[in-house]
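Next up, coords19.cif (mmCIF, C-alpha atoms):
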```cif
data_entry
#
loop_
_atom_site.label_atom_id
_atom_site.label_comp_id
_atom_site.auth_asym_id
_atom_site.auth_seq_id
_atom_site.Cartn_x
_atom_site.Cartn_y
_atom_site.Cartn_z
CA MET A 1 -86.48 -84.89 -36.20
CA ILE A 2 -86.33 -85.60 -32.46
CA ASN A 3 -87.94 -88.79 -31.17
CA ARG A 4 -90.06 -87.55 -28.26
CA LYS A 5 -91.15 -90.99 -26.95
CA PRO A 6 -88.07 -91.51 -24.70
CA LEU A 7 -88.41 -87.97 -23.37
CA LEU A 8 -92.09 -88.54 -22.64
CA ALA A 9 -91.28 -91.78 -20.79
CA ILE A 10 -88.65 -89.98 -18.68
CA TRP A 11 -91.06 -87.14 -17.93
CA ILE A 12 -93.82 -89.59 -16.87
CA ALA A 13 -91.39 -91.49 -14.62
CA LEU A 14 -90.21 -88.22 -13.05
CA VAL A 15 -93.75 -87.00 -12.37
CA ALA A 16 -94.71 -90.40 -10.94
CA SER A 17 -91.74 -90.41 -8.57
CA LEU A 18 -92.48 -86.85 -7.46
CA GLY A 19 -96.10 -87.82 -6.82
CA THR A 20 -95.01 -90.76 -4.67
CA GLY A 21 -92.65 -88.60 -2.64
CA LEU A 22 -95.32 -85.96 -2.25
CA ALA A 23 -97.83 -88.54 -1.02
CA ASP A 24 -95.31 -89.89 1.51
CA SER A 25 -94.55 -86.41 2.84
CA MET A 26 -98.25 -85.65 3.15
CA SER A 27 -99.02 -88.55 5.48
CA ALA A 28 -102.11 -88.35 7.64
CA PRO A 29 -101.84 -85.91 10.54
CA ALA A 30 -101.55 -87.24 14.06
CA ILE A 31 -104.73 -87.73 16.06
CA GLN A 32 -104.25 -86.26 19.54
CA GLY A 33 -106.35 -85.96 22.63
CA THR A 34 -107.65 -87.65 25.74
CA ALA A 35 -108.30 -91.29 24.94
CA SER A 36 -111.06 -93.59 26.09
CA VAL A 37 -110.06 -97.24 26.17
CA ILE A 38 -112.46 -99.55 24.33
CA ASP A 39 -110.40 -102.70 24.87
CA GLY A 40 -106.74 -103.72 25.12
CA ASP A 41 -105.98 -102.79 21.50
CA THR A 42 -108.58 -100.12 20.70
CA ILE A 43 -108.99 -96.56 21.93
CA GLU A 44 -111.16 -93.62 20.96
CA ILE A 45 -110.07 -90.00 20.61
CA HIS A 46 -112.55 -87.27 19.61
CA GLY A 47 -115.06 -89.92 18.48
CA GLU A 48 -112.52 -91.67 16.23
CA ARG A 49 -111.96 -95.39 16.94
CA ILE A 50 -108.28 -96.25 16.74
CA ARG A 51 -106.94 -99.82 16.54
CA LEU A 52 -103.37 -100.18 17.79
CA ASP A 53 -101.28 -101.40 14.86
CA ALA A 54 -99.70 -104.88 14.72
CA ILE A 55 -100.96 -106.08 18.11
CA ASP A 56 -103.91 -108.16 19.29
CA ALA A 57 -105.33 -108.19 22.81
CA PRO A 58 -107.76 -110.69 24.31
CA GLU A 59 -111.40 -109.83 23.66
CA SER A 60 -113.39 -108.22 26.48
CA SER A 61 -115.32 -111.40 27.25
CA GLN A 62 -112.40 -113.75 26.66
CA LEU A 63 -111.39 -115.94 29.58
CA CYS A 64 -107.83 -117.03 30.34
CA ILE A 65 -106.41 -119.26 33.05
CA ASP A 66 -104.15 -117.82 35.75
CA ALA A 67 -101.17 -119.48 37.46
CA ALA A 68 -103.49 -121.12 40.02
CA GLY A 69 -105.65 -122.64 37.28
CA LYS A 70 -108.57 -120.22 37.77
CA ARG A 71 -110.42 -118.57 34.91
CA TYR A 72 -110.38 -114.79 34.72
CA ARG A 73 -111.48 -112.12 32.24
CA CYS A 74 -108.12 -111.44 30.62
CA GLY A 75 -109.62 -109.14 27.98
CA GLN A 76 -111.04 -106.94 30.71
CA LYS A 77 -107.68 -106.92 32.54
CA SER A 78 -105.97 -105.94 29.30
CA ALA A 79 -108.30 -102.97 28.86
CA PHE A 80 -107.82 -101.93 32.49
CA ALA A 81 -104.03 -102.09 32.12
CA LEU A 82 -104.13 -99.81 29.07
CA ALA A 83 -106.58 -97.42 30.76
CA ASP A 84 -104.38 -97.24 33.88
CA MET A 85 -101.32 -96.52 31.72
CA ILE A 86 -103.02 -93.76 29.75
CA GLY A 87 -104.96 -92.17 32.61
CA ARG A 88 -106.06 -88.69 31.56
CA SER A 89 -102.87 -88.02 29.58
CA VAL A 90 -102.87 -86.77 26.02
CA VAL A 91 -102.36 -89.60 23.55
CA SER A 92 -100.93 -88.99 20.08
CA CYS A 93 -101.57 -91.52 17.32
CA GLN A 94 -99.87 -91.71 13.94
CA PRO A 95 -102.37 -93.22 11.45
CA LYS A 96 -101.21 -95.91 9.05
CA GLY A 97 -104.54 -96.66 7.39
CA ARG A 98 -108.00 -98.03 8.13
CA ASP A 99 -109.26 -101.54 8.78
CA ARG A 100 -112.36 -103.24 7.40
CA TYR A 101 -114.41 -101.78 10.27
CA LYS A 102 -113.26 -98.27 9.24
CA ARG A 103 -111.20 -97.85 12.41
CA VAL A 104 -107.95 -95.92 12.10
CA ILE A 105 -104.93 -98.22 12.39
CA ALA A 106 -102.17 -96.39 14.25
CA ILE A 107 -99.12 -96.38 16.45
CA CYS A 108 -100.06 -94.45 19.57
CA PHE A 109 -97.94 -92.70 22.18
CA LYS A 110 -98.28 -91.33 25.68
CA GLY A 111 -95.42 -88.86 25.58
CA PRO A 112 -92.41 -90.89 24.39
CA ILE A 113 -93.99 -94.25 25.32
CA ASN A 114 -95.16 -96.36 22.39
CA LEU A 115 -98.44 -97.76 23.75
CA ASN A 116 -98.53 -100.59 21.19
CA ALA A 117 -95.13 -101.83 22.42
CA TRP A 118 -95.94 -101.16 26.08
CA ILE A 119 -99.13 -103.26 26.25
CA VAL A 120 -97.37 -106.18 24.55
CA SER A 121 -94.34 -105.89 26.88
CA GLN A 122 -96.69 -106.00 29.87
CA GLY A 123 -98.19 -109.24 28.59
CA TRP A 124 -101.70 -107.93 27.96
CA ALA A 125 -101.50 -108.19 24.16
CA VAL A 126 -99.51 -110.18 21.62
CA ALA A 127 -97.68 -109.30 18.42
CA PHE A 128 -100.18 -109.69 15.58
CA ARG A 129 -97.76 -111.20 13.06
CA LYS A 130 -100.42 -111.18 10.34
CA TYR A 131 -100.14 -107.39 10.32
CA GLY A 132 -96.54 -106.77 11.34
CA ILE A 133 -93.51 -108.02 13.22
CA ASP A 134 -92.78 -104.82 15.13
CA TYR A 135 -93.59 -106.14 18.61
CA ILE A 136 -92.23 -109.69 18.62
CA ALA A 137 -89.34 -108.74 20.95
CA GLN A 138 -91.79 -107.25 23.47
CA GLU A 139 -93.94 -110.39 23.27
CA ASP A 140 -90.89 -112.60 23.87
CA GLU A 141 -89.90 -110.42 26.84
CA ALA A 142 -93.38 -110.70 28.43
CA ARG A 143 -93.59 -114.45 27.78
CA LEU A 144 -90.17 -115.14 29.32
CA ALA A 145 -90.97 -112.93 32.34
CA ARG A 146 -94.45 -114.56 32.61
CA ARG A 147 -96.27 -111.23 32.68
CA GLY A 148 -99.97 -110.65 32.03
CA ILE A 149 -101.63 -113.45 30.09
CA TRP A 150 -98.32 -115.33 29.95
CA VAL A 151 -98.56 -116.16 33.68
CA GLY A 152 -101.02 -118.94 32.88
CA SER A 153 -102.59 -120.17 29.66
CA PHE A 154 -104.74 -118.53 27.05
CA GLU A 155 -106.01 -118.86 23.52
CA MET A 156 -104.59 -116.44 20.98
CA PRO A 157 -107.20 -113.69 20.45
CA TRP A 158 -107.53 -114.39 16.71
CA ASP A 159 -108.15 -118.10 17.42
CA TRP A 160 -110.70 -117.23 20.13
CA ARG A 161 -112.58 -114.91 17.74
CA ALA A 162 -112.58 -117.53 14.96
CA ARG A 163 -113.95 -120.16 17.35
CA LYS A 164 -116.71 -117.83 18.59
CA GLN A 165 -117.99 -116.96 15.10
#
```

Turn the structure described in the file into structure tokens.
Amino acid sequence: MINRKPLLAIWIALVASLGTGLADSMSAPAIQGTASVIDGDTIEIHGERIRLDAIDAPESSQLCIDAAGKRYRCGQKSAFALADMIGRSVVSCQPKGRDRYKRVIAICFKGPINLNAWIVSQGWAVAFRKYGIDYIAQEDEARLARRGIWVGSFEMPWDWRARKQ
């Protein structure tokens, strides 16, 4: 008599691995269209709010200090920088999941330009290490070149939000 338990275990493992591969190949479709900028790390396409993955930009009402020691609305400047970059171009976002606010988390592109990386390299957002390390090099580049918020001083966006709550 044949012991079917090992065969059943192999069959279950095979089906499970096929299911995983199938799920990976069926990733969420890209979201494409003209984007409206909500803030320096959030856009909207076709009514869908999209949070740029692994970055954090100053909040809209957040104040930073420029090189001359004057306060300015760095969150607003961050949003303007992203809006100027995007213009009326088509943006394509590859979803990675959803956050607790039900926003899509994604890596977004204007043509070949990774917008997540671009806004960090311009100094208007920082690498959000809590959610990924993808943009640390761009943050280092902006900090060393003293671009955007790095020209003066600022509070990390996550610290600013925690203090305001």

Could you state which residues are captured by the PyMOL selection byres ((chain A and resi 78) around 10) in this file, as a PyMOL selection string? chain A and resi 39-41+57-60+73-77+79-84+119-120+122-125+148-149

Translate the PyMOL selection byres ((chain A and resi 132) around 12), as applied to the file shown, into an explicit residue set as a ChimeraX atom specification. /A:52-56,107,116,126-131,133-136

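Nearest to Arg49 in chain A of all the residues A:Asp159, A:Asp99, A:Asp66, A:Glu139 is A:Asp99, based on only C-alpha atoms.
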
Distance of CA of Arg71 in chain A from CA of Leu115 in chain A, expressed in Å to one decimal place: 26.5 Å

Measuring between all atoms listed in the file, which one of A:Ala35, A:Met156, A:Ile43, A:Ala162 shows the shortest distance to Leu63 in chain A? A:Met156

Using all atoms listed in the file, the residue out of A:Ile38, A:Ile50, A:Trp158, A:Ala28 with shortest distance to Cys108 in chain A is A:Ile50

Have a look at CA of Arg163 in chain A and CA of Tyr101 in chain A and let me know their distance in Å, one decimal. 19.7 Å

Residue nearest Met85 in chain A - candidates A:Ala137, A:Ile31, A:Ile113, A:Val151, atoms counted: only C-alpha atoms: A:Ile113

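Minimum atom-to-atom distances from A:Gly33, A:Gly152, A:Pro157, A:Gly87 to Gly69 in chain A were compared using only C-alpha atoms, and the lowest value belongs to A:Gly152.
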
By how many Å are CA of Arg103 in chain A and CA of Glu155 in chain A apart? 24.3 Å

Rank nothing, just name the residue among A:Trp118, A:Phe109, A:Trp160, A:Phe154 nearest to Val91 in chain A, using all atoms listed in the file. A:Phe109

As JSON, please report the centre and edge lengths, rounded to one decimal in Å, of the axis-aligned box that holds all listed atoms of range 62-81 of chain A with 3 Å of padding on each of the six sides.
```
{"center_x": -106.8, "center_y": -112.3, "center_z": 33.3, "size_x": 17.2, "size_y": 26.7, "size_z": 19.4}
```
